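J.: The following file, target.csv, comprises CSV, C-alpha atoms and all ligand atoms:
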```
chain,number,residue,atom,x,y,z
A,1,MET,CA,0.0,0.0,0.0
A,2,LYS,CA,1.4,3.4,-0.9
A,3,ILE,CA,0.4,6.7,0.8
A,4,THR,CA,1.1,10.0,-0.9
A,5,PHE,CA,0.6,13.2,1.1
A,6,LEU,CA,-0.8,15.7,-1.4
A,7,GLY,CA,-1.7,18.3,1.1
A,8,THR,CA,-0.5,18.4,4.7
A,9,GLY,CA,-1.5,22.0,5.8
A,10,LYS,CA,-3.7,23.1,8.6
A,11,GLY,CA,-6.9,25.0,8.8
A,12,GLY,CA,-8.9,26.7,6.0
A,13,TYR,CA,-6.0,28.1,4.0
A,14,PRO,CA,-2.9,26.8,2.2
A,15,THR,CA,0.6,28.1,2.9
A,16,LEU,CA,3.5,28.5,0.5
A,17,THR,CA,4.7,24.9,1.3
A,18,ARG,CA,1.5,23.1,2.5
A,19,ASN,CA,-1.7,22.6,0.6
A,20,CYS,CA,-5.1,21.9,2.2
A,21,SER,CA,-5.8,18.3,3.3
A,22,ALA,CA,-5.7,15.5,0.8
A,23,ILE,CA,-4.0,12.1,0.9
A,24,MET,CA,-3.9,9.5,-1.8
A,25,LEU,CA,-3.8,5.7,-1.0
A,26,GLU,CA,-2.8,3.2,-3.7
A,27,CYS,CA,-3.8,-0.4,-3.0
A,28,GLY,CA,-4.0,-3.2,-5.6
A,29,ASP,CA,-5.1,-1.5,-8.8
A,30,GLY,CA,-7.1,1.1,-7.0
A,31,ILE,CA,-6.6,4.7,-6.0
A,32,TYR,CA,-8.4,6.1,-3.0
A,33,LEU,CA,-8.6,9.7,-1.8
A,34,LEU,CA,-8.8,10.7,1.8
A,35,ASP,CA,-10.2,14.3,1.8
A,36,ALA,CA,-10.1,16.6,-1.2
A,37,GLY,CA,-8.8,20.0,-0.2
A,38,ALA,CA,-7.8,22.3,-3.0
A,39,PRO,CA,-6.0,22.0,-5.4
A,40,VAL,CA,-6.3,18.2,-5.3
A,41,LEU,CA,-7.1,17.9,-9.1
A,42,ASP,CA,-4.0,19.9,-10.0
A,43,LEU,CA,-1.7,18.0,-7.6
A,44,MET,CA,-2.9,14.6,-8.9
A,45,THR,CA,-2.5,15.8,-12.5
A,46,ARG,CA,1.1,16.9,-11.8
A,47,LEU,CA,1.8,13.3,-10.4
A,48,GLU,CA,0.3,11.9,-13.7
A,49,VAL,CA,-2.3,9.9,-11.6
A,50,PRO,CA,-4.4,7.7,-13.9
A,51,PHE,CA,-7.8,9.1,-12.9
A,52,GLU,CA,-9.6,6.0,-14.2
A,53,LYS,CA,-8.0,4.0,-11.3
A,54,VAL,CA,-9.8,6.2,-8.7
A,55,LYS,CA,-12.3,4.0,-6.9
A,56,GLY,CA,-13.3,6.0,-3.9
A,57,VAL,CA,-13.2,9.4,-2.3
A,58,PHE,CA,-13.7,9.5,1.5
A,59,ILE,CA,-14.3,12.9,3.0
A,60,THR,CA,-13.8,13.2,6.8
A,61,HIS,CA,-16.1,16.2,7.3
A,62,MET,CA,-17.4,19.1,5.3
A,63,HIS,CA,-15.0,21.9,6.3
A,64,GLY,CA,-13.6,23.7,3.3
A,65,ASP,CA,-10.0,22.7,3.9
A,66,HIS,CA,-11.0,19.1,3.3
A,67,THR,CA,-13.6,19.6,0.5
A,68,ALA,CA,-12.8,22.7,-1.6
A,69,GLY,CA,-10.9,20.7,-4.2
A,70,LEU,CA,-14.0,18.6,-5.0
A,71,PRO,CA,-15.7,20.9,-7.5
A,72,ALA,CA,-12.7,20.9,-9.9
A,73,PHE,CA,-12.1,17.2,-9.3
A,74,LEU,CA,-15.8,16.2,-9.8
A,75,THR,CA,-16.2,18.2,-12.9
A,76,ALA,CA,-13.0,16.9,-14.5
A,77,CYS,CA,-13.9,13.3,-13.7
A,78,SER,CA,-17.5,13.7,-14.9
A,79,TRP,CA,-16.9,15.7,-18.1
A,80,HIS,CA,-13.3,14.9,-19.2
A,81,TYR,CA,-12.1,11.6,-17.8
A,82,THR,CA,-15.0,9.6,-19.1
A,83,ASP,CA,-13.4,6.2,-18.0
A,84,CYS,CA,-13.8,7.3,-14.3
A,85,SER,CA,-16.3,5.5,-12.1
A,86,PHE,CA,-16.2,5.8,-8.4
A,87,ASP,CA,-18.0,6.6,-5.1
A,88,VAL,CA,-17.6,9.9,-3.3
A,89,PHE,CA,-18.6,9.7,0.4
A,90,LEU,CA,-19.6,13.0,2.0
A,91,THR,CA,-20.7,13.4,5.5
A,92,GLU,CA,-23.9,15.5,5.0
A,93,GLU,CA,-26.9,15.4,2.7
A,94,ARG,CA,-26.6,19.1,2.1
A,95,GLY,CA,-23.0,18.7,1.0
A,96,ILE,CA,-24.2,16.1,-1.5
A,97,ALA,CA,-26.8,18.5,-2.8
A,98,ALA,CA,-24.4,21.5,-2.9
A,99,PHE,CA,-21.6,19.7,-4.8
A,100,ARG,CA,-24.2,18.2,-7.3
A,101,GLU,CA,-25.5,21.7,-7.8
A,102,VAL,CA,-22.1,23.3,-8.3
A,103,VAL,CA,-21.1,20.7,-10.9
A,104,LEU,CA,-24.5,21.2,-12.7
A,105,ALA,CA,-24.0,25.0,-12.5
A,106,MET,CA,-20.6,24.7,-14.2
A,107,ASP,CA,-21.2,21.8,-16.7
A,108,LYS,CA,-25.1,21.6,-17.0
A,109,VAL,CA,-24.7,17.8,-16.9
A,110,PHE,CA,-23.2,15.6,-14.1
A,111,HIS,CA,-22.6,12.0,-14.9
A,112,GLU,CA,-23.8,10.6,-11.6
A,113,ASP,CA,-24.0,7.1,-13.0
A,114,ARG,CA,-20.2,7.1,-12.9
A,115,ILE,CA,-19.5,9.7,-10.2
A,116,ARG,CA,-21.7,8.6,-7.3
A,117,LEU,CA,-22.2,11.0,-4.4
A,118,LYS,CA,-23.1,9.1,-1.2
A,119,LYS,CA,-23.6,9.8,2.4
A,120,ALA,CA,-21.0,8.3,4.8
A,121,GLU,CA,-22.4,6.3,7.6
A,122,PRO,CA,-20.6,4.7,10.6
A,123,GLY,CA,-19.4,1.1,10.2
A,124,VAL,CA,-18.1,-0.7,7.1
A,125,LEU,CA,-18.7,1.8,4.4
A,126,TYR,CA,-17.0,0.5,1.3
A,127,ARG,CA,-15.5,-2.7,0.1
A,128,ASP,CA,-14.0,-3.7,-3.2
A,129,GLU,CA,-11.3,-6.3,-4.3
A,130,ASN,CA,-8.6,-4.1,-2.9
A,131,VAL,CA,-9.8,-2.5,0.3
A,132,THR,CA,-12.3,-2.4,3.1
A,133,VAL,CA,-13.0,1.0,4.5
A,134,THR,CA,-14.6,1.5,7.9
A,135,ALA,CA,-16.0,4.9,9.1
A,136,ILE,CA,-15.7,5.7,12.8
A,137,PRO,CA,-17.6,8.8,14.1
A,138,THR,CA,-15.5,11.6,15.7
A,139,ALA,CA,-16.8,14.8,17.4
A,140,HIS,CA,-14.8,17.4,15.4
A,141,CYS,CA,-17.7,19.5,14.2
A,142,GLN,CA,-20.6,18.5,16.4
A,143,PRO,CA,-23.5,18.4,16.0
A,144,TYR,CA,-22.5,17.8,12.3
A,145,PRO,CA,-21.0,14.4,11.5
A,146,SER,CA,-17.3,13.7,11.0
A,147,TYR,CA,-15.3,10.5,10.7
A,148,ALA,CA,-12.0,8.8,11.1
A,149,TYR,CA,-11.4,6.1,8.5
A,150,VAL,CA,-9.7,2.7,8.6
A,151,PHE,CA,-8.4,1.3,5.4
A,152,GLU,CA,-7.6,-2.4,5.3
A,153,GLY,CA,-6.0,-4.0,2.2
A,154,GLU,CA,-3.0,-6.0,1.0
A,155,GLY,CA,-2.7,-7.4,4.6
A,156,LYS,CA,-2.2,-3.8,5.9
A,157,ARG,CA,-4.2,-1.5,8.1
A,158,VAL,CA,-4.1,2.3,7.9
A,159,ILE,CA,-6.0,4.5,10.3
A,160,PHE,CA,-6.7,8.1,9.5
A,161,SER,CA,-7.9,10.3,12.4
A,162,GLY,CA,-9.5,12.9,10.3
A,163,ASP,CA,-9.9,16.1,12.3
A,164,LEU,CA,-10.7,15.7,16.0
A,165,ARG,CA,-12.3,17.9,18.6
A,166,ARG,CA,-10.4,20.5,20.4
A,167,PRO,CA,-8.8,20.9,22.9
A,168,ASP,CA,-8.4,17.5,24.4
A,169,ALA,CA,-9.4,15.1,21.6
A,170,PRO,CA,-12.0,13.1,23.6
A,171,ASP,CA,-12.9,11.5,20.3
A,172,PHE,CA,-9.5,10.1,19.5
A,173,PRO,CA,-10.3,6.9,17.6
A,174,VAL,CA,-10.2,4.1,20.1
A,175,ILE,CA,-9.1,1.7,17.4
A,176,ALA,CA,-5.8,3.5,17.1
A,177,LEU,CA,-5.1,2.8,20.8
A,178,GLU,CA,-6.5,-0.8,20.9
A,179,GLU,CA,-5.7,-2.4,17.5
A,180,PRO,CA,-2.4,-2.7,15.8
A,181,SER,CA,-1.9,-0.7,12.6
A,182,ASP,CA,0.8,-0.4,9.9
A,183,ALA,CA,0.3,3.3,9.7
A,184,PHE,CA,-1.7,5.8,11.8
A,185,ILE,CA,-2.1,9.2,10.2
A,186,CYS,CA,-3.0,11.7,12.9
A,187,GLU,CA,-3.9,15.3,12.6
A,188,LEU,CA,-1.8,17.8,14.5
A,189,CYS,CA,-4.0,20.8,14.4
A,190,HIS,CA,-6.6,20.8,17.3
A,191,PHE,CA,-4.3,20.1,20.3
A,192,THR,CA,-0.8,20.8,21.4
A,193,THR,CA,2.0,18.4,20.7
A,194,ASP,CA,2.4,18.1,24.6
A,195,HIS,CA,-1.1,16.7,24.8
A,196,ILE,CA,-1.0,14.3,21.9
A,197,PHE,CA,2.4,12.7,22.2
A,198,PRO,CA,1.7,10.7,25.4
A,199,ILE,CA,-1.5,9.4,23.7
A,200,ILE,CA,0.4,8.5,20.5
A,201,GLU,CA,3.1,6.6,22.6
A,202,LYS,CA,0.4,4.1,23.6
A,203,CYS,CA,-0.8,3.4,20.1
A,204,PRO,CA,0.3,0.0,18.7
A,205,ALA,CA,1.1,1.5,15.3
A,206,LYS,CA,4.3,0.7,13.3
A,207,GLN,CA,4.4,4.2,12.0
A,208,VAL,CA,2.8,7.5,12.8
A,209,PHE,CA,2.4,10.2,10.2
A,210,PHE,CA,1.4,13.6,11.5
A,211,ASN,CA,-0.4,15.8,9.1
A,212,HIS,CA,-2.6,19.0,9.2
A,213,VAL,CA,0.4,20.9,10.3
A,214,GLY,CA,0.9,24.6,9.5
A,215,GLY,CA,0.1,28.1,10.4
A,216,ARG,CA,2.2,30.4,12.6
A,217,VAL,CA,3.7,27.6,14.8
A,218,VAL,CA,4.7,25.2,12.0
A,219,GLU,CA,8.5,25.4,12.7
A,220,GLU,CA,7.9,24.8,16.5
A,221,THR,CA,5.5,21.9,15.8
A,222,LEU,CA,7.9,20.2,13.4
A,223,ALA,CA,10.8,20.6,15.8
A,224,ALA,CA,8.7,19.0,18.5
A,225,VAL,CA,7.8,16.1,16.2
A,226,GLU,CA,11.5,15.6,15.4
A,227,GLU,CA,12.3,15.5,19.1
A,228,PHE,CA,9.4,13.1,19.9
A,229,ALA,CA,10.6,10.8,17.0
A,230,LYS,CA,13.9,10.2,18.8
A,231,THR,CA,12.2,8.4,21.7
A,232,ALA,CA,8.8,7.2,20.4
A,233,PRO,CA,8.3,3.5,20.3
A,234,MET,CA,7.3,3.6,16.6
A,235,LYS,CA,8.6,5.5,13.5
A,236,VAL,CA,7.3,9.0,13.6
A,237,ILE,CA,7.2,11.3,10.6
A,238,ALA,CA,5.6,14.7,9.7
A,239,PRO,CA,5.6,14.4,5.9
A,240,ASP,CA,5.9,17.3,3.5
A,241,ASP,CA,3.5,17.8,0.6
A,242,GLY,CA,4.3,15.4,-2.2
A,243,ASP,CA,6.0,12.8,0.1
A,244,SER,CA,5.2,9.1,-0.6
A,245,TYR,CA,5.6,6.1,1.7
A,246,THR,CA,5.1,2.4,0.9
A,247,ILE,CA,4.0,0.4,3.9
B,301,ZN,ZN,-9.2,20.6,9.0
B,302,ZN,ZN,-12.2,20.6,10.3
```
As structure tokens - that is how I would like this structure written.
T.:
Amino acid sequence: MKITFLGTGKGGYPTLTRNCSAIMLECGDGIYLLDAGAPVLDLMTRLEVPFEKVKGVFITHMHGDHTAGLPAFLTACSWHYTDCSFDVFLTEERGIAAFREVVLAMDKVFHEDRIRLKKAEPGVLYRDENVTVTAIPTAHCQPYPSYAYVFEGEGKRVIFSGDLRRPDAPDFPVIALEEPSDAFICELCHFTTDHIFPIIEKCPAKQVFFNHVGGRVVEETLAAVEEFAKTAPMKVIAPDDGDSYTI
């Protein structure tokens, strides 16, 4: 399984070095997107991603830094990349209605037989010949839904925290603490490094990737991650945009 960090930035805005949230997983012959912050279409295009291999898009919650790349992505896959056929899981019905409307407003036609907008629900959400994806509710934008996602495929398990609730992450996905994983991708935006590191130390993960890093304290945060990595019981990395890892 290969993980490519397309956008590792924090909050509702990109910085010079970090785009908004988007991660690409490659497993078997499929490509899966975890969040679709802007400019996800452009970033995938520059990597020469074969769009016809995209099988699923999994949005953790509706905040713009995780979804604003969708209009360009959906219109390109509906109108131009006619071999595309995949599911897009959004967390709210009104998000489905809004993205349908924005594609229709731009293109006048939306090929929903191929690009299927669906509402994410807790539990096993998606399964194909490559992966099983499970959605775990978090409390990030209560009372609106948000999810962590677990990807299992090729004998590997990847847990993605999505965004959690500030300030003390009471919705930290229990599975990350209780079940082994090959990679745990944890956001690093809604709590301090001092708070999250002791929790991370207890996770039976082979590797931890911190993403959603940025803003005014990015240098401080990255320095803290580097320090933590020296003593952590697993491999700890804060990837830059464009970094890829095979697990
Ligand atoms: Zn966010
Ligand atoms: Zn958010």
J.: A:Glu152, A:Glu219, A:Asp35, A:Glu52: which is nearest ligand ZN 302 (chain B), counting all atoms listed in the file?
T.: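 Closest to ligand ZN 302 (chain B) of all the choices is A:Asp35.
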J.: At a cut-off of 10 Å, can you tabulate as JSON lines every residue of chain A near ligand ZN 301 (chain B) together with its closest atom pair and the distance in Å to one decimal, using all atoms listed in the file and ordering rows by chain then number?
T.:
```
{"residue": "A:Thr8", "atom": "CA", "partner": "B:ZN301", "partner_atom": "ZN", "distance": 10.0}
{"residue": "A:Gly9", "atom": "CA", "partner": "B:ZN301", "partner_atom": "ZN", "distance": 8.5}
{"residue": "A:Lys10", "atom": "CA", "partner": "B:ZN301", "partner_atom": "ZN", "distance": 6.1}
{"residue": "A:Gly11", "atom": "CA", "partner": "B:ZN301", "partner_atom": "ZN", "distance": 5.0}
{"residue": "A:Gly12", "atom": "CA", "partner": "B:ZN301", "partner_atom": "ZN", "distance": 6.8}
{"residue": "A:Tyr13", "atom": "CA", "partner": "B:ZN301", "partner_atom": "ZN", "distance": 9.6}
{"residue": "A:Cys20", "atom": "CA", "partner": "B:ZN301", "partner_atom": "ZN", "distance": 8.0}
{"residue": "A:Ser21", "atom": "CA", "partner": "B:ZN301", "partner_atom": "ZN", "distance": 7.0}
{"residue": "A:Asp35", "atom": "CA", "partner": "B:ZN301", "partner_atom": "ZN", "distance": 9.6}
{"residue": "A:Gly37", "atom": "CA", "partner": "B:ZN301", "partner_atom": "ZN", "distance": 9.2}
{"residue": "A:Thr60", "atom": "CA", "partner": "B:ZN301", "partner_atom": "ZN", "distance": 9.0}
{"residue": "A:His61", "atom": "CA", "partner": "B:ZN301", "partner_atom": "ZN", "distance": 8.4}
{"residue": "A:Met62", "atom": "CA", "partner": "B:ZN301", "partner_atom": "ZN", "distance": 9.1}
{"residue": "A:His63", "atom": "CA", "partner": "B:ZN301", "partner_atom": "ZN", "distance": 6.5}
{"residue": "A:Gly64", "atom": "CA", "partner": "B:ZN301", "partner_atom": "ZN", "distance": 7.8}
{"residue": "A:Asp65", "atom": "CA", "partner": "B:ZN301", "partner_atom": "ZN", "distance": 5.6}
{"residue": "A:His66", "atom": "CA", "partner": "B:ZN301", "partner_atom": "ZN", "distance": 6.2}
{"residue": "A:Thr67", "atom": "CA", "partner": "B:ZN301", "partner_atom": "ZN", "distance": 9.6}
{"residue": "A:His140", "atom": "CA", "partner": "B:ZN301", "partner_atom": "ZN", "distance": 9.1}
{"residue": "A:Gly162", "atom": "CA", "partner": "B:ZN301", "partner_atom": "ZN", "distance": 7.8}
{"residue": "A:Asp163", "atom": "CA", "partner": "B:ZN301", "partner_atom": "ZN", "distance": 5.6}
{"residue": "A:Leu164", "atom": "CA", "partner": "B:ZN301", "partner_atom": "ZN", "distance": 8.7}
{"residue": "A:Glu187", "atom": "CA", "partner": "B:ZN301", "partner_atom": "ZN", "distance": 8.3}
{"residue": "A:Leu188", "atom": "CA", "partner": "B:ZN301", "partner_atom": "ZN", "distance": 9.6}
{"residue": "A:Cys189", "atom": "CA", "partner": "B:ZN301", "partner_atom": "ZN", "distance": 7.5}
{"residue": "A:His190", "atom": "CA", "partner": "B:ZN301", "partner_atom": "ZN", "distance": 8.7}
{"residue": "A:His212", "atom": "CA", "partner": "B:ZN301", "partner_atom": "ZN", "distance": 6.8}
{"residue": "A:Val213", "atom": "CA", "partner": "B:ZN301", "partner_atom": "ZN", "distance": 9.7}
```
J.: Taking C-alpha atoms for each residue, export the selection above as an mmCIF file, keeping the file's coordinate frame.
T.:
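Writing the result to result30.cif gives the following:
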```cif
data_model
loop_
_atom_site.group_PDB
_atom_site.id
_atom_site.type_symbol
_atom_site.label_atom_id
_atom_site.label_comp_id
_atom_site.auth_asym_id
_atom_site.auth_seq_id
_atom_site.Cartn_x
_atom_site.Cartn_y
_atom_site.Cartn_z
ATOM 1 C CA THR A 8 -0.500 18.400 4.700
ATOM 2 C CA GLY A 9 -1.500 22.000 5.800
ATOM 3 C CA LYS A 10 -3.700 23.100 8.600
ATOM 4 C CA GLY A 11 -6.900 25.000 8.800
ATOM 5 C CA GLY A 12 -8.900 26.700 6.000
ATOM 6 C CA TYR A 13 -6.000 28.100 4.000
ATOM 7 C CA CYS A 20 -5.100 21.900 2.200
ATOM 8 C CA SER A 21 -5.800 18.300 3.300
ATOM 9 C CA ASP A 35 -10.200 14.300 1.800
ATOM 10 C CA GLY A 37 -8.800 20.000 -0.200
ATOM 11 C CA THR A 60 -13.800 13.200 6.800
ATOM 12 C CA HIS A 61 -16.100 16.200 7.300
ATOM 13 C CA MET A 62 -17.400 19.100 5.300
ATOM 14 C CA HIS A 63 -15.000 21.900 6.300
ATOM 15 C CA GLY A 64 -13.600 23.700 3.300
ATOM 16 C CA ASP A 65 -10.000 22.700 3.900
ATOM 17 C CA HIS A 66 -11.000 19.100 3.300
ATOM 18 C CA THR A 67 -13.600 19.600 0.500
ATOM 19 C CA HIS A 140 -14.800 17.400 15.400
ATOM 20 C CA GLY A 162 -9.500 12.900 10.300
ATOM 21 C CA ASP A 163 -9.900 16.100 12.300
ATOM 22 C CA LEU A 164 -10.700 15.700 16.000
ATOM 23 C CA GLU A 187 -3.900 15.300 12.600
ATOM 24 C CA LEU A 188 -1.800 17.800 14.500
ATOM 25 C CA CYS A 189 -4.000 20.800 14.400
ATOM 26 C CA HIS A 190 -6.600 20.800 17.300
ATOM 27 C CA HIS A 212 -2.600 19.000 9.200
ATOM 28 C CA VAL A 213 0.400 20.900 10.300
#
```
J.: Between A:Ile59, A:Val131, A:Leu70, A:Ile199, which has the minimum distance to ligand ZN 302 (chain B) (counting only C-alpha atoms and all ligand atoms)?
T.: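 Counting only C-alpha atoms and all ligand atoms, the residue closest to ligand ZN 302 (chain B) is A:Ile59.
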J.: Pick out the residues sitting within 9 Å of Thr132 of chain A, and hand them over as a PDB file with C-alpha atoms, in the coordinates of the input; count all atoms listed in the file, and ignore anything fewer than 3 positions along from it in its own chain.
T.:
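So selection_6.pdb came out as:
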```
ATOM      1  CA  VAL A 124     -18.100  -0.700   7.100  1.00  0.00           C
ATOM      2  CA  LEU A 125     -18.700   1.800   4.400  1.00  0.00           C
ATOM      3  CA  TYR A 126     -17.000   0.500   1.300  1.00  0.00           C
ATOM      4  CA  ARG A 127     -15.500  -2.700   0.100  1.00  0.00           C
ATOM      5  CA  ASP A 128     -14.000  -3.700  -3.200  1.00  0.00           C
ATOM      6  CA  GLU A 129     -11.300  -6.300  -4.300  1.00  0.00           C
ATOM      7  CA  VAL A 150      -9.700   2.700   8.600  1.00  0.00           C
ATOM      8  CA  PHE A 151      -8.400   1.300   5.400  1.00  0.00           C
ATOM      9  CA  GLU A 152      -7.600  -2.400   5.300  1.00  0.00           C
ATOM     10  CA  GLY A 153      -6.000  -4.000   2.200  1.00  0.00           C
TER      11      GLY A 153
END
```
J.: Skipping near chain neighbours, those fewer than 2 positions away, what residues fall within 12 Å of Cys84 of chain A using all atoms listed in the file, listed as JSON, numbers by chain?
T.: {"A": [30, 31, 50, 51, 52, 53, 54, 55, 56, 73, 74, 75, 76, 77, 78, 79, 80, 81, 82, 86, 87, 88, 111, 112, 113, 114, 115, 116]}
J.: Which one is closest to ligand ZN 302 (chain B): A:Val225, A:Met44, A:Ala139, A:Val103? Count all atoms listed in the file.
T.: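 Checking each of A:Val225, A:Met44, A:Ala139, A:Val103 against ligand ZN 302 (chain B), counting all atoms listed in the file, the winner is A:Ala139.
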J.: Between A:Tyr144, A:Glu26, A:Ala223, A:Ile96, which has the minimum distance to ligand ZN 302 (chain B) (counting all atoms listed in the file)?
T.: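 The closest residue to ligand ZN 302 (chain B) is A:Tyr144.
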J.: Please measure the separation of atom CA of Gln207 of chain A and atom CA of Thr192 of chain A, giving the value in Å to one decimal.
T.: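 Those two atoms sit 19.8 Å apart.
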J.: Could N, CA and C atoms be built for segment 206-217 of chain A and written out as a PDB file, in the coordinates of the input?
T.:
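Dumped to rebuild.pdb:
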```pdb
ATOM      1  N   LYS A 206       2.861   0.808  13.755  1.00  0.00           N
ATOM      2  CA  LYS A 206       4.300   0.700  13.300  1.00  0.00           C
ATOM      3  C   LYS A 206       4.850   2.022  12.942  1.00  0.00           C
ATOM      4  N   GLN A 207       3.989   2.859  12.351  1.00  0.00           N
ATOM      5  CA  GLN A 207       4.400   4.200  12.000  1.00  0.00           C
ATOM      6  C   GLN A 207       3.340   5.190  12.248  1.00  0.00           C
ATOM      7  N   VAL A 208       3.723   6.375  12.640  1.00  0.00           N
ATOM      8  CA  VAL A 208       2.800   7.500  12.800  1.00  0.00           C
ATOM      9  C   VAL A 208       3.157   8.593  11.883  1.00  0.00           C
ATOM     10  N   PHE A 209       2.191   9.041  11.093  1.00  0.00           N
ATOM     11  CA  PHE A 209       2.400  10.200  10.200  1.00  0.00           C
ATOM     12  C   PHE A 209       1.559  11.348  10.818  1.00  0.00           C
ATOM     13  N   PHE A 210       2.177  12.460  11.104  1.00  0.00           N
ATOM     14  CA  PHE A 210       1.400  13.600  11.500  1.00  0.00           C
ATOM     15  C   PHE A 210       1.141  14.511  10.323  1.00  0.00           C
ATOM     16  N   ASN A 211      -0.134  14.871  10.156  1.00  0.00           N
ATOM     17  CA  ASN A 211      -0.400  15.800   9.100  1.00  0.00           C
ATOM     18  C   ASN A 211      -1.335  16.923   9.653  1.00  0.00           C
ATOM     19  N   HIS A 212      -1.804  17.820   8.765  1.00  0.00           N
ATOM     20  CA  HIS A 212      -2.600  19.000   9.200  1.00  0.00           C
ATOM     21  C   HIS A 212      -1.729  19.864  10.095  1.00  0.00           C
ATOM     22  N   VAL A 213      -0.523  20.116   9.614  1.00  0.00           N
ATOM     23  CA  VAL A 213       0.400  20.900  10.300  1.00  0.00           C
ATOM     24  C   VAL A 213       0.604  22.246   9.562  1.00  0.00           C
ATOM     25  N   GLY A 214       0.652  23.361  10.258  1.00  0.00           N
ATOM     26  CA  GLY A 214       0.900  24.600   9.500  1.00  0.00           C
ATOM     27  C   GLY A 214       0.641  25.811  10.361  1.00  0.00           C
ATOM     28  N   GLY A 215       0.358  26.912   9.686  1.00  0.00           N
ATOM     29  CA  GLY A 215       0.100  28.100  10.400  1.00  0.00           C
ATOM     30  C   GLY A 215       1.317  28.753  11.011  1.00  0.00           C
ATOM     31  N   ARG A 216       1.102  29.579  12.040  1.00  0.00           N
ATOM     32  CA  ARG A 216       2.200  30.400  12.600  1.00  0.00           C
ATOM     33  C   ARG A 216       3.211  29.539  13.370  1.00  0.00           C
ATOM     34  N   VAL A 217       2.773  28.367  13.886  1.00  0.00           N
ATOM     35  CA  VAL A 217       3.700  27.600  14.800  1.00  0.00           C
ATOM     36  C   VAL A 217       4.279  26.393  14.054  1.00  0.00           C
TER      37      VAL A 217
END
```
